[in-house]
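Okay, structure00.cif is below, mmCIF, C-alpha atoms and all ligand atoms:
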data_run
loop_
_atom_site.group_PDB
_atom_site.id
_atom_site.type_symbol
_atom_site.label_atom_id
_atom_site.label_comp_id
_atom_site.auth_asym_id
_atom_site.auth_seq_id
_atom_site.Cartn_x
_atom_site.Cartn_y
_atom_site.Cartn_z
ATOM 1 C CA MET E 1 -18.471 -2.110 -51.899
ATOM 2 C CA PRO E 2 -18.624 -0.091 -55.151
ATOM 3 C CA GLU E 3 -19.512 3.593 -54.857
ATOM 4 C CA HIS E 4 -22.703 3.130 -56.887
ATOM 5 C CA PRO E 5 -23.750 -0.521 -56.490
ATOM 6 C CA GLY E 6 -27.038 0.023 -58.350
ATOM 7 C CA ARG E 7 -25.373 1.618 -61.368
ATOM 8 C CA ASP E 8 -22.658 -1.044 -61.212
ATOM 9 C CA PHE E 9 -25.271 -3.793 -61.233
ATOM 10 C CA GLN E 10 -27.035 -2.321 -64.277
ATOM 11 C CA GLU E 11 -23.760 -1.968 -66.167
ATOM 12 C CA LYS E 12 -22.385 -5.411 -65.228
ATOM 13 C CA THR E 13 -25.563 -7.233 -66.174
ATOM 14 C CA SER E 14 -25.976 -5.520 -69.566
ATOM 15 C CA TYR E 15 -26.006 -7.627 -72.706
ATOM 16 C CA ARG E 16 -23.665 -6.283 -75.402
ATOM 17 C CA ARG E 17 -23.532 -7.471 -78.971
ATOM 18 C CA ASP E 18 -19.704 -7.668 -78.976
ATOM 19 C CA SER E 19 -19.257 -9.516 -75.680
ATOM 20 C CA MET E 20 -21.972 -12.169 -75.529
ATOM 21 C CA GLU E 21 -20.675 -15.437 -74.099
ATOM 22 C CA GLU E 22 -22.022 -18.747 -75.312
ATOM 23 C CA HIS E 23 -23.580 -20.486 -72.341
ATOM 24 C CA GLU E 24 -25.325 -23.820 -72.654
ATOM 25 C CA PRO E 25 -26.914 -24.613 -69.286
ATOM 26 C CA ASP E 26 -26.158 -28.046 -67.890
ATOM 27 C CA TRP E 27 -29.491 -29.865 -67.845
ATOM 28 C CA ARG E 28 -28.222 -32.372 -65.284
ATOM 29 C CA SER E 29 -27.831 -29.614 -62.712
ATOM 30 C CA LYS E 30 -31.097 -27.783 -63.403
ATOM 31 C CA PRO E 31 -32.486 -26.749 -59.988
ATOM 32 C CA PRO E 32 -35.985 -27.994 -59.117
ATOM 33 C CA LEU E 33 -38.758 -25.506 -59.906
ATOM 34 C CA TYR E 34 -40.832 -26.274 -56.822
ATOM 35 C CA LYS E 35 -40.205 -25.853 -53.126
ATOM 36 C CA PHE E 36 -41.986 -28.010 -50.566
ATOM 37 C CA TYR E 37 -42.230 -27.941 -46.803
ATOM 38 C CA ASN E 38 -42.844 -31.647 -46.498
ATOM 39 C CA HIS E 39 -43.499 -31.676 -42.765
ATOM 40 C CA ALA E 40 -45.910 -28.732 -42.731
ATOM 41 C CA PRO E 41 -49.659 -29.233 -42.380
ATOM 42 C CA VAL E 42 -51.233 -28.741 -45.827
ATOM 43 C CA ILE E 43 -54.459 -26.799 -46.258
ATOM 44 C CA GLY E 44 -56.397 -27.182 -49.492
ATOM 45 C CA LEU E 45 -57.737 -24.011 -51.091
ATOM 46 C CA PRO E 46 -61.174 -23.596 -52.678
ATOM 47 C CA ASP E 47 -61.341 -23.911 -56.451
ATOM 48 C CA PRO E 48 -60.364 -20.476 -57.769
ATOM 49 C CA ALA E 49 -62.175 -20.875 -61.107
ATOM 50 C CA PRO E 50 -64.340 -17.789 -61.404
ATOM 51 C CA ALA E 51 -68.041 -18.626 -61.147
ATOM 52 C CA LEU E 52 -69.236 -15.497 -62.908
ATOM 53 C CA ASP E 53 -72.927 -15.964 -62.210
ATOM 54 C CA GLU E 54 -72.210 -16.160 -58.492
ATOM 55 C CA TYR E 55 -69.475 -13.535 -58.492
ATOM 56 C CA PRO E 56 -69.820 -10.906 -61.235
ATOM 57 C CA ALA E 57 -66.350 -9.347 -61.421
ATOM 58 C CA PRO E 58 -65.962 -5.974 -63.121
ATOM 59 C CA ASP E 59 -64.489 -6.231 -66.608
ATOM 60 C CA PHE E 60 -60.736 -6.114 -67.081
ATOM 61 C CA PHE E 61 -60.529 -2.462 -68.162
ATOM 62 C CA THR E 62 -62.640 -1.341 -65.212
ATOM 63 C CA CYS E 63 -60.241 -3.209 -62.903
ATOM 64 C CA VAL E 64 -57.301 -1.397 -64.492
ATOM 65 C CA ALA E 65 -59.053 1.957 -64.139
ATOM 66 C CA ARG E 66 -59.981 1.290 -60.502
ATOM 67 C CA ARG E 67 -56.625 -0.031 -59.333
ATOM 68 C CA ARG E 68 -54.973 2.329 -56.857
ATOM 69 C CA SER E 69 -52.582 1.534 -54.072
ATOM 70 C CA VAL E 70 -54.830 1.015 -51.048
ATOM 71 C CA ARG E 71 -53.169 1.449 -47.661
ATOM 72 C CA SER E 72 -56.185 1.636 -45.395
ATOM 73 C CA PHE E 73 -57.975 -1.601 -44.587
ATOM 74 C CA GLY E 74 -61.168 -2.298 -42.630
ATOM 75 C CA ALA E 75 -61.729 -4.925 -39.942
ATOM 76 C CA THR E 76 -63.685 -7.365 -42.158
ATOM 77 C CA PRO E 77 -61.551 -10.388 -43.037
ATOM 78 C CA ILE E 78 -60.995 -11.566 -46.572
ATOM 79 C CA SER E 79 -62.505 -14.934 -47.436
ATOM 80 C CA LEU E 80 -60.559 -18.109 -48.183
ATOM 81 C CA LEU E 81 -62.003 -18.089 -51.722
ATOM 82 C CA GLU E 82 -60.728 -14.545 -52.260
ATOM 83 C CA LEU E 83 -57.283 -15.567 -51.012
ATOM 84 C CA SER E 84 -57.406 -18.625 -53.237
ATOM 85 C CA ARG E 85 -58.088 -16.451 -56.282
ATOM 86 C CA LEU E 86 -55.334 -14.008 -55.381
ATOM 87 C CA LEU E 87 -52.841 -16.877 -55.151
ATOM 88 C CA TRP E 88 -54.053 -18.513 -58.333
ATOM 89 C CA ALA E 89 -54.085 -15.300 -60.391
ATOM 90 C CA SER E 90 -50.541 -14.392 -59.310
ATOM 91 C CA ALA E 91 -48.746 -17.729 -58.958
ATOM 92 C CA GLY E 92 -51.128 -20.563 -59.787
ATOM 93 C CA ILE E 93 -51.162 -23.141 -62.551
ATOM 94 C CA THR E 94 -53.110 -22.214 -65.681
ATOM 95 C CA MET E 95 -51.987 -24.891 -68.169
ATOM 96 C CA SER E 96 -50.264 -28.267 -68.182
ATOM 97 C CA TYR E 97 -47.894 -29.565 -70.865
ATOM 98 C CA ILE E 98 -46.193 -32.871 -71.562
ATOM 99 C CA THR E 99 -42.431 -33.275 -71.015
ATOM 100 C CA PRO E 100 -40.214 -36.310 -71.727
ATOM 101 C CA HIS E 101 -40.525 -37.121 -67.992
ATOM 102 C CA GLY E 102 -44.236 -36.568 -67.434
ATOM 103 C CA GLN E 103 -46.105 -33.322 -67.185
ATOM 104 C CA ASP E 104 -45.234 -29.835 -66.073
ATOM 105 C CA PHE E 105 -47.136 -26.595 -65.773
ATOM 106 C CA TYR E 106 -47.330 -23.035 -66.932
ATOM 107 C CA ARG E 107 -48.483 -20.502 -64.383
ATOM 108 C CA ALA E 108 -50.559 -17.335 -64.460
ATOM 109 C CA ALA E 109 -47.726 -14.792 -64.649
ATOM 110 C CA PRO E 110 -44.933 -14.828 -67.242
ATOM 111 C CA THR E 111 -41.397 -15.737 -66.149
ATOM 112 C CA ALA E 112 -38.047 -15.576 -67.939
ATOM 113 C CA GLY E 113 -37.226 -18.973 -69.473
ATOM 114 C CA ALA E 114 -40.146 -20.694 -67.692
ATOM 115 C CA LEU E 115 -37.831 -21.034 -64.684
ATOM 116 C CA TYR E 116 -40.265 -19.711 -62.058
ATOM 117 C CA PRO E 117 -37.650 -18.497 -59.557
ATOM 118 C CA LEU E 118 -40.208 -16.977 -57.164
ATOM 119 C CA GLU E 119 -41.806 -18.536 -54.108
ATOM 120 C CA THR E 120 -44.956 -17.078 -52.550
ATOM 121 C CA TYR E 121 -45.421 -16.806 -48.790
ATOM 122 C CA VAL E 122 -48.442 -15.263 -47.080
ATOM 123 C CA VAL E 123 -48.631 -13.676 -43.651
ATOM 124 C CA VAL E 124 -52.253 -14.195 -42.703
ATOM 125 C CA ASN E 125 -53.695 -11.568 -40.366
ATOM 126 C CA LYS E 126 -57.426 -11.816 -41.041
ATOM 127 C CA VAL E 127 -58.595 -14.498 -43.449
ATOM 128 C CA GLU E 128 -61.760 -16.514 -42.790
ATOM 129 C CA GLU E 129 -61.121 -20.219 -42.016
ATOM 130 C CA LEU E 130 -57.339 -19.719 -41.653
ATOM 131 C CA GLU E 131 -55.406 -19.368 -38.432
ATOM 132 C CA PRO E 132 -53.247 -16.235 -38.376
ATOM 133 C CA GLY E 133 -49.627 -17.074 -39.148
ATOM 134 C CA LEU E 134 -47.210 -17.744 -41.969
ATOM 135 C CA TYR E 135 -48.018 -19.934 -44.977
ATOM 136 C CA HIS E 136 -46.174 -21.051 -48.106
ATOM 137 C CA TYR E 137 -48.016 -21.543 -51.388
ATOM 138 C CA ARG E 138 -47.684 -25.066 -52.757
ATOM 139 C CA VAL E 139 -47.999 -24.519 -56.506
ATOM 140 C CA ALA E 140 -48.023 -28.170 -57.614
ATOM 141 C CA GLY E 141 -48.013 -31.575 -55.985
ATOM 142 C CA LEU E 142 -45.206 -34.117 -56.476
ATOM 143 C CA ASP E 143 -45.458 -37.827 -57.246
ATOM 144 C CA ILE E 144 -43.223 -40.439 -55.605
ATOM 145 C CA LEU E 145 -40.585 -39.869 -58.301
ATOM 146 C CA GLU E 146 -40.650 -36.158 -57.420
ATOM 147 C CA ARG E 147 -42.350 -35.178 -60.672
ATOM 148 C CA PRO E 148 -44.868 -32.309 -60.553
ATOM 149 C CA ILE E 149 -48.505 -33.341 -60.597
ATOM 150 C CA ALA E 150 -51.842 -31.574 -60.304
ATOM 151 C CA GLU E 151 -52.902 -33.518 -57.198
ATOM 152 C CA GLY E 152 -51.988 -31.490 -54.132
ATOM 153 C CA SER E 153 -51.455 -28.342 -56.173
ATOM 154 C CA HIS E 154 -52.892 -24.969 -55.165
ATOM 155 C CA SER E 155 -52.685 -25.449 -51.433
ATOM 156 C CA LEU E 156 -51.066 -23.797 -48.448
ATOM 157 C CA GLU E 157 -48.368 -25.167 -46.197
ATOM 158 C CA GLN E 158 -48.737 -23.838 -42.679
ATOM 159 C CA LEU E 159 -45.294 -22.797 -41.436
ATOM 160 C CA LYS E 160 -46.106 -20.823 -38.260
ATOM 161 C CA THR E 161 -49.233 -19.953 -36.359
ATOM 162 C CA GLY E 162 -49.697 -16.829 -34.269
ATOM 163 C CA ASP E 163 -50.144 -13.106 -34.580
ATOM 164 C CA LEU E 164 -47.410 -11.750 -36.869
ATOM 165 C CA ARG E 165 -48.939 -8.288 -37.373
ATOM 166 C CA SER E 166 -46.343 -6.328 -35.387
ATOM 167 C CA GLU E 167 -43.464 -8.342 -36.781
ATOM 168 C CA ILE E 168 -44.434 -7.895 -40.425
ATOM 169 C CA ALA E 169 -45.211 -4.187 -40.026
ATOM 170 C CA ALA E 170 -41.912 -3.588 -38.193
ATOM 171 C CA ALA E 171 -39.974 -5.461 -40.878
ATOM 172 C CA ALA E 172 -41.673 -3.284 -43.512
ATOM 173 C CA LEU E 173 -40.154 -0.079 -42.144
ATOM 174 C CA ASP E 174 -43.049 0.251 -39.697
ATOM 175 C CA GLN E 175 -45.657 0.499 -42.431
ATOM 176 C CA LEU E 176 -48.808 -0.027 -40.394
ATOM 177 C CA MET E 177 -50.840 -1.160 -43.398
ATOM 178 C CA CYS E 178 -49.024 -4.513 -43.199
ATOM 179 C CA ALA E 179 -50.571 -5.052 -39.759
ATOM 180 C CA LYS E 180 -54.013 -3.867 -40.858
ATOM 181 C CA ALA E 181 -54.090 -5.882 -44.100
ATOM 182 C CA GLY E 182 -56.019 -9.158 -44.233
ATOM 183 C CA ALA E 183 -52.908 -10.781 -45.673
ATOM 184 C CA VAL E 184 -49.429 -9.816 -46.795
ATOM 185 C CA PHE E 185 -47.945 -11.599 -49.790
ATOM 186 C CA LEU E 186 -44.164 -12.022 -49.748
ATOM 187 C CA TRP E 187 -42.227 -13.122 -52.798
ATOM 188 C CA THR E 188 -38.768 -14.598 -52.460
ATOM 189 C CA ALA E 189 -36.391 -15.487 -55.268
ATOM 190 C CA VAL E 190 -34.649 -18.858 -55.334
ATOM 191 C CA PHE E 191 -31.852 -17.296 -57.356
ATOM 192 C CA ALA E 192 -30.226 -20.550 -58.548
ATOM 193 C CA ARG E 193 -33.278 -21.454 -60.647
ATOM 194 C CA SER E 194 -32.673 -18.496 -62.901
ATOM 195 C CA VAL E 195 -28.876 -18.157 -62.473
ATOM 196 C CA TRP E 196 -28.589 -21.714 -63.835
ATOM 197 C CA LYS E 197 -29.451 -20.322 -67.269
ATOM 198 C CA TYR E 198 -28.952 -16.562 -67.186
ATOM 199 C CA LYS E 199 -26.015 -16.171 -64.766
ATOM 200 C CA ASP E 200 -25.732 -12.618 -63.394
ATOM 201 C CA ARG E 201 -28.453 -11.297 -65.677
ATOM 202 C CA ALA E 202 -30.836 -13.530 -63.748
ATOM 203 C CA TYR E 203 -30.791 -10.944 -60.976
ATOM 204 C CA ARG E 204 -32.617 -8.549 -63.299
ATOM 205 C CA TYR E 205 -35.127 -11.141 -64.378
ATOM 206 C CA VAL E 206 -36.287 -12.180 -60.920
ATOM 207 C CA TYR E 207 -37.381 -8.603 -60.217
ATOM 208 C CA LEU E 208 -39.199 -8.386 -63.536
ATOM 209 C CA ASP E 209 -40.964 -11.667 -62.736
ATOM 210 C CA ALA E 210 -41.989 -10.236 -59.370
ATOM 211 C CA GLY E 211 -43.461 -7.167 -61.054
ATOM 212 C CA HIS E 212 -45.650 -9.400 -63.197
ATOM 213 C CA MET E 213 -46.873 -11.379 -60.207
ATOM 214 C CA ALA E 214 -47.615 -8.254 -58.235
ATOM 215 C CA ALA E 215 -49.521 -6.743 -61.168
ATOM 216 C CA HIS E 216 -51.660 -9.865 -61.488
ATOM 217 C CA LEU E 217 -52.311 -9.787 -57.763
ATOM 218 C CA SER E 218 -53.301 -6.124 -57.736
ATOM 219 C CA LEU E 219 -55.856 -6.629 -60.522
ATOM 220 C CA ALA E 220 -57.190 -9.856 -58.990
ATOM 221 C CA ALA E 221 -57.733 -7.852 -55.807
ATOM 222 C CA VAL E 222 -59.724 -5.133 -57.589
ATOM 223 C CA ALA E 223 -61.763 -7.781 -59.428
ATOM 224 C CA GLN E 224 -62.941 -9.051 -56.032
ATOM 225 C CA GLY E 225 -63.545 -5.656 -54.426
ATOM 226 C CA LEU E 226 -60.290 -5.845 -52.447
ATOM 227 C CA GLY E 227 -57.476 -3.319 -52.268
ATOM 228 C CA SER E 228 -53.726 -3.848 -52.296
ATOM 229 C CA CYS E 229 -50.467 -1.968 -52.062
ATOM 230 C CA PRO E 230 -47.070 -3.103 -53.291
ATOM 231 C CA VAL E 231 -44.315 -2.884 -50.683
ATOM 232 C CA ALA E 232 -40.626 -2.809 -51.531
ATOM 233 C CA ALA E 233 -39.541 -0.803 -48.465
ATOM 234 C CA PHE E 234 -38.552 -3.446 -45.929
ATOM 235 C CA TYR E 235 -35.581 -4.565 -43.881
ATOM 236 C CA ASP E 236 -34.406 -7.507 -45.941
ATOM 237 C CA ASP E 237 -32.759 -9.348 -43.048
ATOM 238 C CA GLU E 238 -35.840 -9.043 -40.861
ATOM 239 C CA VAL E 239 -38.226 -10.317 -43.524
ATOM 240 C CA ASN E 240 -35.859 -13.155 -44.421
ATOM 241 C CA ALA E 241 -35.613 -14.132 -40.747
ATOM 242 C CA LEU E 242 -39.407 -14.128 -40.445
ATOM 243 C CA LEU E 243 -39.609 -16.440 -43.473
ATOM 244 C CA GLY E 244 -36.714 -18.620 -42.336
ATOM 245 C CA VAL E 245 -34.693 -18.119 -45.549
ATOM 246 C CA ASP E 246 -31.004 -17.218 -45.699
ATOM 247 C CA GLY E 247 -31.253 -14.167 -48.001
ATOM 248 C CA ASP E 248 -28.520 -15.557 -50.229
ATOM 249 C CA SER E 249 -29.787 -18.728 -51.904
ATOM 250 C CA GLU E 250 -33.345 -17.511 -51.289
ATOM 251 C CA GLY E 251 -34.289 -13.983 -50.325
ATOM 252 C CA VAL E 252 -37.307 -11.712 -50.198
ATOM 253 C CA ILE E 253 -37.579 -9.307 -53.105
ATOM 254 C CA TYR E 254 -41.116 -7.885 -53.016
ATOM 255 C CA MET E 255 -44.303 -7.840 -50.956
ATOM 256 C CA THR E 256 -47.929 -6.764 -51.314
ATOM 257 C CA ALA E 257 -50.427 -5.966 -48.563
ATOM 258 C CA VAL E 258 -54.017 -6.854 -49.429
ATOM 259 C CA GLY E 259 -57.337 -6.472 -47.664
ATOM 260 C CA ARG E 260 -60.825 -5.084 -47.674
ATOM 261 C CA PRO E 261 -60.545 -1.347 -48.274
ATOM 262 C CA SER E 262 -61.850 0.811 -45.437
ATOM 263 C CA ARG E 263 -63.190 3.280 -48.019
ATOM 264 C CA PRO E 264 -65.136 2.480 -51.191
ATOM 265 C CA PHE E 265 -63.239 2.472 -54.457
ATOM 266 C CA ASN E 266 -62.887 5.807 -56.138
ATOM 267 C CA THR E 267 -65.277 5.186 -59.001
ATOM 268 C CA ARG E 268 -64.561 8.656 -60.379
ATOM 269 C CA THR E 269 -61.384 7.076 -61.678
ATOM 270 C CA ASP E 270 -62.467 5.606 -64.959
ATOM 271 C CA LEU E 271 -61.660 5.334 -68.597
ATOM 272 C CA ARG E 272 -62.943 8.842 -69.328
ATOM 273 C CA HIS E 273 -59.776 10.223 -67.766
ATOM 274 C CA THR E 274 -57.670 8.637 -70.476
ATOM 275 C CA ALA E 275 -56.373 11.235 -72.912
ATOM 276 C CA ARG E 276 -57.677 10.594 -76.407
ATOM 277 C CA PRO E 277 -56.261 12.047 -79.626
ATOM 278 C CA LYS E 278 -58.360 14.908 -81.039
ATOM 279 C CA GLU E 279 -60.627 13.736 -83.836
HETATM 280 C C1 LIG F 301 -41.726 -1.302 -56.768
HETATM 281 C C2 LIG F 301 -42.745 -0.584 -55.921
HETATM 282 C C3 LIG F 301 -42.517 -0.447 -54.561
HETATM 283 C C4 LIG F 301 -43.461 0.195 -53.745
HETATM 284 N N1 LIG F 301 -43.266 0.225 -52.396
HETATM 285 C C5 LIG F 301 -44.173 0.838 -51.617
HETATM 286 C C6 LIG F 301 -44.023 0.852 -50.202
HETATM 287 O O1 LIG F 301 -43.091 0.275 -49.638
HETATM 288 N N2 LIG F 301 -44.952 1.495 -49.461
HETATM 289 C C7 LIG F 301 -46.034 2.125 -50.044
HETATM 290 O O2 LIG F 301 -46.844 2.708 -49.309
HETATM 291 N N3 LIG F 301 -46.225 2.108 -51.373
HETATM 292 C C8 LIG F 301 -45.329 1.480 -52.183
HETATM 293 N N4 LIG F 301 -45.535 1.410 -53.536
HETATM 294 C C9 LIG F 301 -46.759 2.014 -54.116
HETATM 295 C C10 LIG F 301 -46.490 3.322 -54.854
HETATM 296 O O3 LIG F 301 -46.254 4.352 -53.927
HETATM 297 C C11 LIG F 301 -47.700 3.638 -55.762
HETATM 298 O O4 LIG F 301 -47.823 2.632 -56.739
HETATM 299 C C12 LIG F 301 -47.568 4.993 -56.441
HETATM 300 O O5 LIG F 301 -47.655 6.034 -55.500
HETATM 301 C C13 LIG F 301 -48.639 5.221 -57.521
HETATM 302 O O6 LIG F 301 -49.943 5.119 -56.961
HETATM 303 P P1 LIG F 301 -50.990 4.017 -57.448
HETATM 304 O O7 LIG F 301 -50.412 2.667 -57.175
HETATM 305 O O8 LIG F 301 -52.222 4.269 -56.657
HETATM 306 O O9 LIG F 301 -51.210 4.203 -58.922
HETATM 307 C C14 LIG F 301 -44.626 0.758 -54.337
HETATM 308 C C15 LIG F 301 -44.840 0.590 -55.710
HETATM 309 C C16 LIG F 301 -43.937 -0.092 -56.483
HETATM 310 C C17 LIG F 301 -44.247 -0.316 -57.947
#

Could you write out this file's structure as structure tokens?
Ligand SMILES: Cc1cc2nc3c(=O)[nH]c(=O)nc-3n(C[C@H](O)[C@H](O)[C@H](O)COP(=O)(O)O)c2cc1C
Amino acid sequence: MPEHPGRDFQEKTSYRRDSMEEHEPDWRSKPPLYKFYNHAPVIGLPDPAPALDEYPAPDFFTCVARRRSVRSFGATPISLLELSRLLWASAGITMSYITPHGQDFYRAAPTAGALYPLETYVVVNKVEELEPGLYHYRVAGLDILERPIAEGSHSLEQLKTGDLRSEIAAAALDQLMCAKAGAVFLWTAVFARSVWKYKDRAYRYVYLDAGHMAAHLSLAAVAQGLGSCPVAAFYDDEVNALLGVDGDSEGVIYMTAVGRPSRPFNTRTDLRHTARPKE
């Protein structure tokens, strides 16, 4: 083990003008961009498309101004529609495009090389119409030739049922908010998807991708009157065991707890606090 593994990582994954290696990825060995739990019960999610007349969300800049890490959640569950929008805004499909083999999809958050190395899991504590337990987000459906299709997209695969509140809070260094949250989002990286093209530098990119997804999620929460808190303090092995992933080919890298805040948003926090240059 190096003395400073973090510093070592930064240094060893740096790009330098004088030592760039040519690397043409082998298209025949490109890892699949979608993970499926084919034997899991699949639960369709409500259409996340915002119906603004029925649900007037605050404007984007108000959401930015109101976003704070919320760690205190009330007893009221979040709705399935709210969960659907959180999933869509962070990991869902926003555009399709044509490939030589059919169609594929762009998703809400940016990702290095359109390789989408992250998988989204949700520990459900209190969500209307969903049994508590562990779910995996099915981004797209697949046709019989295993090509991605819109049918069957944006749904949840039910991996475990039962009360996981103590387990998830314990795995998150005993952060109680993970037990009190309506749901806890967990993002894993399937490293090979990105390593295929970027080799060791991929390990930087998966974390940057996760930051984008978490940012989308935090603003989608505020837009719906929900609160969220990013969580990177967790026992990796315990979270990986809960998810049933090996931590090597696929491992947890980031989480976010989300729920109905027990206190109203601090509306004193607004754009007026932004420093402006003197006129
Ligand atoms: C990468 C990252 C990891 C974090 N991990 C935790 C965590 O494990 N527990 C926690 O309570 N807050 C965590 N936070 C939230 C920060 O403490 C919070 O963003 C910071 O105090 C600024 O407050 P704000 O989010 O309200 O602006 C994390 C934030 C980031 C960006």

Kindly provide, as a tab-separated table (two decimals) with C-alpha atoms, in the frame of the given file, all nucleotide and amino acid residues lying within 6 Å of ligand LIG 301 (chain F), counting only C-alpha atoms and all ligand atoms.
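Dumped to out.tsv:
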chain	number	residue	atom	x	y	z
E	68	ARG	CA	-54.97	2.33	-56.86
E	69	SER	CA	-52.58	1.53	-54.07
E	229	CYS	CA	-50.47	-1.97	-52.06
E	230	PRO	CA	-47.07	-3.10	-53.29
E	231	VAL	CA	-44.32	-2.88	-50.68
E	232	ALA	CA	-40.63	-2.81	-51.53
E	233	ALA	CA	-39.54	-0.80	-48.46

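Non-sequential neighbours of segment 157-161 of chain E (distance at most 6 Å, separation of 3 or more positions within a chain, only C-alpha atoms) are Ala40, Pro41, Val42, Pro132, Gly133, Leu134, Tyr135 and His136 of chain E.
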
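Distances from E:Leu115, E:Leu164, E:Val127, E:Val64 to Leu243 of chain E were compared using only C-alpha atoms, and the smallest one belongs to E:Leu164.
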
Any chance you could tabulate, as a Markdown table, the residues of segment 36-94 of chain E at most 12 Å from segment 168-178 of chain E with each one's nearest atom pair and distance in Å to one decimal, using all atoms listed in the file, in chain and rising number order?
| residue | atom | partner | partner_atom | distance |
| --- | --- | --- | --- | --- |
| E:Ser69 | CA | E:Met177 | CA | 11.1 |
| E:Val70 | CA | E:Met177 | CA | 8.9 |
| E:Arg71 | CA | E:Met177 | CA | 5.5 |
| E:Ser72 | CA | E:Met177 | CA | 6.4 |
| E:Phe73 | CA | E:Met177 | CA | 7.2 |
| E:Gly74 | CA | E:Met177 | CA | 10.4 |

Completion exercise
Ile149 of chain E proximity check over E:Ser166, E:Ser194, E:Thr120, E:Gln103, using only C-alpha atoms: winner is E:Gln103

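Restricting the calculation to all atoms listed in the file, the smallest distance between Tyr34 of chain E and any of E:Met255, E:Val124, E:Leu118, E:Ile78 is found for E:Leu118.
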
Set up a box along x, y and z of the file covering all listed atoms of segment 17-34 of chain E, add 8 Å on every one of the six sides, and write the centre and edge lengths in Å to one decimal, as AutoDock Vina command-line options.
--center_x -30.0 --center_y -19.9 --center_z -67.9 --size_x 37.6 --size_y 40.9 --size_z 38.2

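Picture a line from atom CA of Leu130 of chain E to atom CA of Thr76 of chain E; it runs 13.9 Å.
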
Completion exercise
re atom CA of Pro50 of chain E and atom CA of Leu217 of chain E: distance 14.9 Å

Practice task
Skip Val245 of chain E itself and residues of its chain fewer than 4 positions away, then list as a ChimeraX atom specification all residues within 12 Å of it, counting only C-alpha atoms.
Solution key: /E:119,121,187-190,236-241,249-253
